[in-house]
Amino acid sequence: MMLYHGSCIAIEKPDLTMSRLCTDFGKGFYLTPLKAQAENWAQRFLRERGSAVVSRYEFLPKPGDILPPDVKILEFNAHDIDWLNFITACRLGKPVDAEWDLVIGGVANDKVFDTLQLYFDELIGAEEAIGRLRYNKPNFQYCFKNQLLIDGHLRYAGSEVLK
């Protein structure tokens, strides 16, 4: 499976120590199977830092490659209350993400903090918050949280500089 990462530089060897805290699924290396989504992520860097790069990775690159049975994966199949609660906790820096090696699911949109603040202040309910956080266009992200998983099952396959 091909996955993409948008940044200001090509990242040949992802390093979790460089990851930010308080993101959708907590600290991790974020990828998407949607190239256009990675291009949009990279475009932010073009505006802010003057460069944008989309790096490509093969996940489970070898024929017959499977994940070890002890790899802990959390997958959100919908923008629902479980997804909202997990994102809320991660954005607040709570350690709910610590037990997972890989978290998969939808992306919260760019108005996350405003929406979460309204939700925390109980000015909107969970259903309204989920609706506001859901993207109108398709999106998806993989958050790799385990360096051994990255090193063993993610292969850099090149990059493309955006203009």
# chains A, B, ... in the order shown; residues from 1 in each chain; ligands from 1
>>> closest_atom_pairs(of="stretch 43-114 of chain A", to="stretch 17-21 of chain A", cutoff="9 Å", atoms="only C-alpha atoms", output="tab-separated table")
residue	atom	partner	partner_atom	distance
A:Cys90	CA	A:Leu21	CA	8.1
A:Arg91	CA	A:Leu21	CA	7.9
A:Gly93	CA	A:Leu21	CA	6.8
>>> write_last_selection(atoms="C-alpha atoms", output="PDB file, in the first residue's frame")
ATOM      1  CA  CYS A  90      -4.978  13.649  22.262  1.00  0.00           C
ATOM      2  CA  ARG A  91      -5.345  17.364  21.490  1.00  0.00           C
ATOM      3  CA  GLY A  93      -2.141  15.946  25.632  1.00  0.00           C
TER       4      GLY A  93
END
>>> closest_atom_pairs(of="stretch 80-152 of chain A", to="stretch 47-71 of chain A", cutoff="8 Å", atoms="only C-alpha atoms", output="tab-separated table")
residue	atom	partner	partner_atom	distance
A:Trp100	CA	A:Val71	CA	7.9
A:Asp101	CA	A:Val71	CA	6.1
A:Leu102	CA	A:Val71	CA	7.9
>>> atom_distance(atom1="atom CA of A:Ile104", atom2="atom CA of A:Tyr142")
4.6 Å
>>> residues_around(residues="A:Glu99", least_positions_apart="4", cutoff="10 Å", atoms="only C-alpha atoms", output="MDAnalysis selection string")
chainID A and resid 72:74 95 145:146
>>> write_last_selection(atoms="C-alpha atoms", output="PDB file, in the first residue's frame")
ATOM      1  CA  LYS A  72      -1.699  -2.753  18.535  1.00  0.00           C
ATOM      2  CA  ILE A  73      -3.888  -0.982  15.978  1.00  0.00           C
ATOM      3  CA  LEU A  74      -6.776   1.343  16.731  1.00  0.00           C
ATOM      4  CA  PRO A  95      -1.941   9.817  27.377  1.00  0.00           C
ATOM      5  CA  LYS A 145       3.445   5.652  16.896  1.00  0.00           C
ATOM      6  CA  ASN A 146       6.062   2.889  17.104  1.00  0.00           C
TER       7      ASN A 146
END
>>> select_by_dssp(residues="stretch 32-125 of chain A", states="alpha helix (DSSP H)", output="CSV table (one decimal) with C-alpha atoms, in the first residue's frame")
chain,number,residue,atom,x,y,z
A,35,LYS,CA,-2.0,11.9,-2.4
A,36,ALA,CA,-4.1,15.0,-2.8
A,37,GLN,CA,-4.5,15.2,0.9
A,38,ALA,CA,-0.7,15.0,1.4
A,39,GLU,CA,-0.3,17.7,-1.3
A,40,ASN,CA,-2.7,19.9,0.7
A,41,TRP,CA,-0.8,19.3,3.9
A,42,ALA,CA,2.4,20.2,2.0
A,43,GLN,CA,0.9,23.4,0.6
A,44,ARG,CA,0.7,24.8,4.1
A,45,PHE,CA,4.5,24.5,4.3
A,46,LEU,CA,4.9,26.2,0.9
A,47,ARG,CA,3.0,29.2,2.2
A,48,GLU,CA,4.7,29.2,5.6
A,49,ARG,CA,8.3,28.1,4.8
A,81,ILE,CA,-18.3,9.8,19.6
A,82,ASP,CA,-15.3,7.4,20.1
A,83,TRP,CA,-13.3,9.3,17.4
A,84,LEU,CA,-14.3,12.7,18.9
A,85,ASN,CA,-13.3,11.6,22.5
A,86,PHE,CA,-10.0,10.2,21.3
A,87,ILE,CA,-9.1,13.3,19.3
A,88,THR,CA,-10.2,15.5,22.2
A,89,ALA,CA,-8.0,13.7,24.6
A,90,CYS,CA,-5.0,13.6,22.3
A,91,ARG,CA,-5.3,17.4,21.5
A,112,VAL,CA,-10.5,21.8,15.6
A,113,PHE,CA,-9.5,24.1,18.5
A,114,ASP,CA,-12.5,26.4,18.2
A,115,THR,CA,-14.9,23.4,17.9
A,116,LEU,CA,-13.3,21.6,20.8
A,117,GLN,CA,-13.4,24.7,23.0
A,118,LEU,CA,-17.2,25.0,22.3
A,119,TYR,CA,-17.5,21.3,23.1
A,120,PHE,CA,-15.5,21.6,26.3
>>> closest_residue(among="A:Asp24, A:Leu149, A:Lys163, A:Leu154", to="A:Glu12", atoms="only C-alpha atoms")
A:Leu154
>>> decode(residues="stretch 19-144 of chain A", atoms="C-alpha atoms", output="PDB file, in the first residue's frame")
ATOM      1  CA  SER A  19       6.926  14.410  16.070  1.00  0.00           C
ATOM      2  CA  ARG A  20       4.661  17.005  17.628  1.00  0.00           C
ATOM      3  CA  LEU A  21       2.425  16.390  20.629  1.00  0.00           C
ATOM      4  CA  CYS A  22      -1.265  17.295  20.858  1.00  0.00           C
ATOM      5  CA  THR A  23      -2.274  16.333  17.323  1.00  0.00           C
ATOM      6  CA  ASP A  24      -5.346  14.358  16.179  1.00  0.00           C
ATOM      7  CA  PHE A  25      -4.029  10.950  17.249  1.00  0.00           C
ATOM      8  CA  GLY A  26      -1.193  12.151  19.467  1.00  0.00           C
ATOM      9  CA  LYS A  27       2.517  12.067  18.813  1.00  0.00           C
ATOM     10  CA  GLY A  28       3.372  10.073  15.699  1.00  0.00           C
ATOM     11  CA  PHE A  29       4.335  10.060  12.048  1.00  0.00           C
ATOM     12  CA  TYR A  30       1.256  10.901   9.964  1.00  0.00           C
ATOM     13  CA  LEU A  31       0.586   9.517   6.504  1.00  0.00           C
ATOM     14  CA  THR A  32      -2.396   9.253   4.182  1.00  0.00           C
ATOM     15  CA  PRO A  33      -3.315   6.953   1.296  1.00  0.00           C
ATOM     16  CA  LEU A  34      -4.705  10.045  -0.489  1.00  0.00           C
ATOM     17  CA  LYS A  35      -1.982  11.851  -2.440  1.00  0.00           C
ATOM     18  CA  ALA A  36      -4.141  14.972  -2.842  1.00  0.00           C
ATOM     19  CA  GLN A  37      -4.512  15.179   0.937  1.00  0.00           C
ATOM     20  CA  ALA A  38      -0.728  15.011   1.412  1.00  0.00           C
ATOM     21  CA  GLU A  39      -0.335  17.708  -1.261  1.00  0.00           C
ATOM     22  CA  ASN A  40      -2.749  19.923   0.684  1.00  0.00           C
ATOM     23  CA  TRP A  41      -0.761  19.318   3.878  1.00  0.00           C
ATOM     24  CA  ALA A  42       2.448  20.202   2.045  1.00  0.00           C
ATOM     25  CA  GLN A  43       0.935  23.384   0.563  1.00  0.00           C
ATOM     26  CA  ARG A  44       0.730  24.831   4.082  1.00  0.00           C
ATOM     27  CA  PHE A  45       4.512  24.531   4.299  1.00  0.00           C
ATOM     28  CA  LEU A  46       4.899  26.195   0.894  1.00  0.00           C
ATOM     29  CA  ARG A  47       3.014  29.234   2.221  1.00  0.00           C
ATOM     30  CA  GLU A  48       4.739  29.241   5.624  1.00  0.00           C
ATOM     31  CA  ARG A  49       8.300  28.131   4.805  1.00  0.00           C
ATOM     32  CA  GLY A  50       8.635  28.457   1.037  1.00  0.00           C
ATOM     33  CA  SER A  51       8.986  24.746   0.265  1.00  0.00           C
ATOM     34  CA  ALA A  52       6.619  21.796  -0.047  1.00  0.00           C
ATOM     35  CA  VAL A  53       7.440  18.133  -0.529  1.00  0.00           C
ATOM     36  CA  VAL A  54       5.288  15.022  -0.717  1.00  0.00           C
ATOM     37  CA  SER A  55       7.168  11.880   0.305  1.00  0.00           C
ATOM     38  CA  ARG A  56       5.952   8.396  -0.660  1.00  0.00           C
ATOM     39  CA  TYR A  57       6.207   5.231   1.408  1.00  0.00           C
ATOM     40  CA  GLU A  58       5.316   1.622   0.847  1.00  0.00           C
ATOM     41  CA  PHE A  59       3.599   0.145   3.874  1.00  0.00           C
ATOM     42  CA  LEU A  60       4.134  -3.640   4.124  1.00  0.00           C
ATOM     43  CA  PRO A  61       6.426  -3.430   1.074  1.00  0.00           C
ATOM     44  CA  LYS A  62       7.543  -7.043   0.726  1.00  0.00           C
ATOM     45  CA  PRO A  63       5.307  -9.727  -0.799  1.00  0.00           C
ATOM     46  CA  GLY A  64       3.650 -11.628   2.026  1.00  0.00           C
ATOM     47  CA  ASP A  65       4.679  -8.956   4.548  1.00  0.00           C
ATOM     48  CA  ILE A  66       2.308  -8.898   7.514  1.00  0.00           C
ATOM     49  CA  LEU A  67       2.360  -7.105  10.819  1.00  0.00           C
ATOM     50  CA  PRO A  68       3.406  -9.044  13.907  1.00  0.00           C
ATOM     51  CA  PRO A  69       0.418 -10.191  15.981  1.00  0.00           C
ATOM     52  CA  ASP A  70       1.460  -8.007  18.925  1.00  0.00           C
ATOM     53  CA  VAL A  71       1.127  -4.742  16.946  1.00  0.00           C
ATOM     54  CA  LYS A  72      -1.699  -2.753  18.535  1.00  0.00           C
ATOM     55  CA  ILE A  73      -3.888  -0.982  15.978  1.00  0.00           C
ATOM     56  CA  LEU A  74      -6.776   1.343  16.731  1.00  0.00           C
ATOM     57  CA  GLU A  75      -9.007   2.086  13.752  1.00  0.00           C
ATOM     58  CA  PHE A  76     -11.862   4.565  13.613  1.00  0.00           C
ATOM     59  CA  ASN A  77     -14.255   3.671  10.806  1.00  0.00           C
ATOM     60  CA  ALA A  78     -16.443   6.749  11.274  1.00  0.00           C
ATOM     61  CA  HIS A  79     -16.479  10.260  12.693  1.00  0.00           C
ATOM     62  CA  ASP A  80     -18.338   9.213  15.825  1.00  0.00           C
ATOM     63  CA  ILE A  81     -18.263   9.823  19.565  1.00  0.00           C
ATOM     64  CA  ASP A  82     -15.313   7.436  20.114  1.00  0.00           C
ATOM     65  CA  TRP A  83     -13.326   9.275  17.419  1.00  0.00           C
ATOM     66  CA  LEU A  84     -14.265  12.652  18.937  1.00  0.00           C
ATOM     67  CA  ASN A  85     -13.305  11.597  22.471  1.00  0.00           C
ATOM     68  CA  PHE A  86      -9.966  10.181  21.303  1.00  0.00           C
ATOM     69  CA  ILE A  87      -9.073  13.305  19.299  1.00  0.00           C
ATOM     70  CA  THR A  88     -10.173  15.525  22.169  1.00  0.00           C
ATOM     71  CA  ALA A  89      -7.958  13.668  24.640  1.00  0.00           C
ATOM     72  CA  CYS A  90      -4.978  13.649  22.262  1.00  0.00           C
ATOM     73  CA  ARG A  91      -5.345  17.364  21.490  1.00  0.00           C
ATOM     74  CA  LEU A  92      -5.321  18.024  25.247  1.00  0.00           C
ATOM     75  CA  GLY A  93      -2.141  15.946  25.632  1.00  0.00           C
ATOM     76  CA  LYS A  94      -3.756  13.183  27.673  1.00  0.00           C
ATOM     77  CA  PRO A  95      -1.941   9.817  27.377  1.00  0.00           C
ATOM     78  CA  VAL A  96      -4.825   7.857  25.762  1.00  0.00           C
ATOM     79  CA  ASP A  97      -2.693   7.197  22.675  1.00  0.00           C
ATOM     80  CA  ALA A  98       0.240   5.591  24.494  1.00  0.00           C
ATOM     81  CA  GLU A  99      -0.850   1.956  24.141  1.00  0.00           C
ATOM     82  CA  TRP A 100      -1.259   2.036  20.342  1.00  0.00           C
ATOM     83  CA  ASP A 101       1.369   1.341  17.670  1.00  0.00           C
ATOM     84  CA  LEU A 102      -0.800   2.590  14.805  1.00  0.00           C
ATOM     85  CA  VAL A 103      -3.966   4.687  14.814  1.00  0.00           C
ATOM     86  CA  ILE A 104      -6.065   4.918  11.645  1.00  0.00           C
ATOM     87  CA  GLY A 105      -9.045   7.140  10.924  1.00  0.00           C
ATOM     88  CA  GLY A 106     -10.474  10.416   9.724  1.00  0.00           C
ATOM     89  CA  VAL A 107      -8.792  13.784   9.957  1.00  0.00           C
ATOM     90  CA  ALA A 108     -10.294  16.528  12.088  1.00  0.00           C
ATOM     91  CA  ASN A 109     -10.559  19.763  10.113  1.00  0.00           C
ATOM     92  CA  ASP A 110      -8.561  22.953  10.671  1.00  0.00           C
ATOM     93  CA  LYS A 111     -11.151  24.490  12.986  1.00  0.00           C
ATOM     94  CA  VAL A 112     -10.457  21.839  15.617  1.00  0.00           C
ATOM     95  CA  PHE A 113      -9.508  24.106  18.495  1.00  0.00           C
ATOM     96  CA  ASP A 114     -12.529  26.408  18.154  1.00  0.00           C
ATOM     97  CA  THR A 115     -14.874  23.436  17.903  1.00  0.00           C
ATOM     98  CA  LEU A 116     -13.253  21.586  20.809  1.00  0.00           C
ATOM     99  CA  GLN A 117     -13.435  24.702  22.975  1.00  0.00           C
ATOM    100  CA  LEU A 118     -17.184  24.993  22.281  1.00  0.00           C
ATOM    101  CA  TYR A 119     -17.543  21.285  23.110  1.00  0.00           C
ATOM    102  CA  PHE A 120     -15.488  21.592  26.345  1.00  0.00           C
ATOM    103  CA  ASP A 121     -17.569  24.603  27.390  1.00  0.00           C
ATOM    104  CA  GLU A 122     -20.711  22.536  26.665  1.00  0.00           C
ATOM    105  CA  LEU A 123     -21.939  25.162  24.210  1.00  0.00           C
ATOM    106  CA  ILE A 124     -22.367  22.453  21.573  1.00  0.00           C
ATOM    107  CA  GLY A 125     -23.046  18.750  21.934  1.00  0.00           C
ATOM    108  CA  ALA A 126     -21.067  15.792  20.656  1.00  0.00           C
ATOM    109  CA  GLU A 127     -23.133  15.428  17.475  1.00  0.00           C
ATOM    110  CA  GLU A 128     -22.641  19.091  16.539  1.00  0.00           C
ATOM    111  CA  ALA A 129     -18.912  18.861  17.317  1.00  0.00           C
ATOM    112  CA  ILE A 130     -18.525  15.736  15.161  1.00  0.00           C
ATOM    113  CA  GLY A 131     -20.332  17.456  12.305  1.00  0.00           C
ATOM    114  CA  ARG A 132     -18.065  20.490  12.513  1.00  0.00           C
ATOM    115  CA  LEU A 133     -14.893  18.396  12.715  1.00  0.00           C
ATOM    116  CA  ARG A 134     -15.772  16.133   9.798  1.00  0.00           C
ATOM    117  CA  TYR A 135     -14.283  17.091   6.459  1.00  0.00           C
ATOM    118  CA  ASN A 136     -16.693  17.474   3.566  1.00  0.00           C
ATOM    119  CA  LYS A 137     -14.237  15.796   1.203  1.00  0.00           C
ATOM    120  CA  PRO A 138     -12.749  12.328   1.723  1.00  0.00           C
ATOM    121  CA  ASN A 139      -9.760  12.182   4.074  1.00  0.00           C
ATOM    122  CA  PHE A 140      -7.890   9.554   5.998  1.00  0.00           C
ATOM    123  CA  GLN A 141      -4.751   9.315   8.104  1.00  0.00           C
ATOM    124  CA  TYR A 142      -2.405   6.704   9.500  1.00  0.00           C
ATOM    125  CA  CYS A 143      -0.528   7.722  12.645  1.00  0.00           C
ATOM    126  CA  PHE A 144       2.533   5.521  13.206  1.00  0.00           C
TER     127      PHE A 144
END
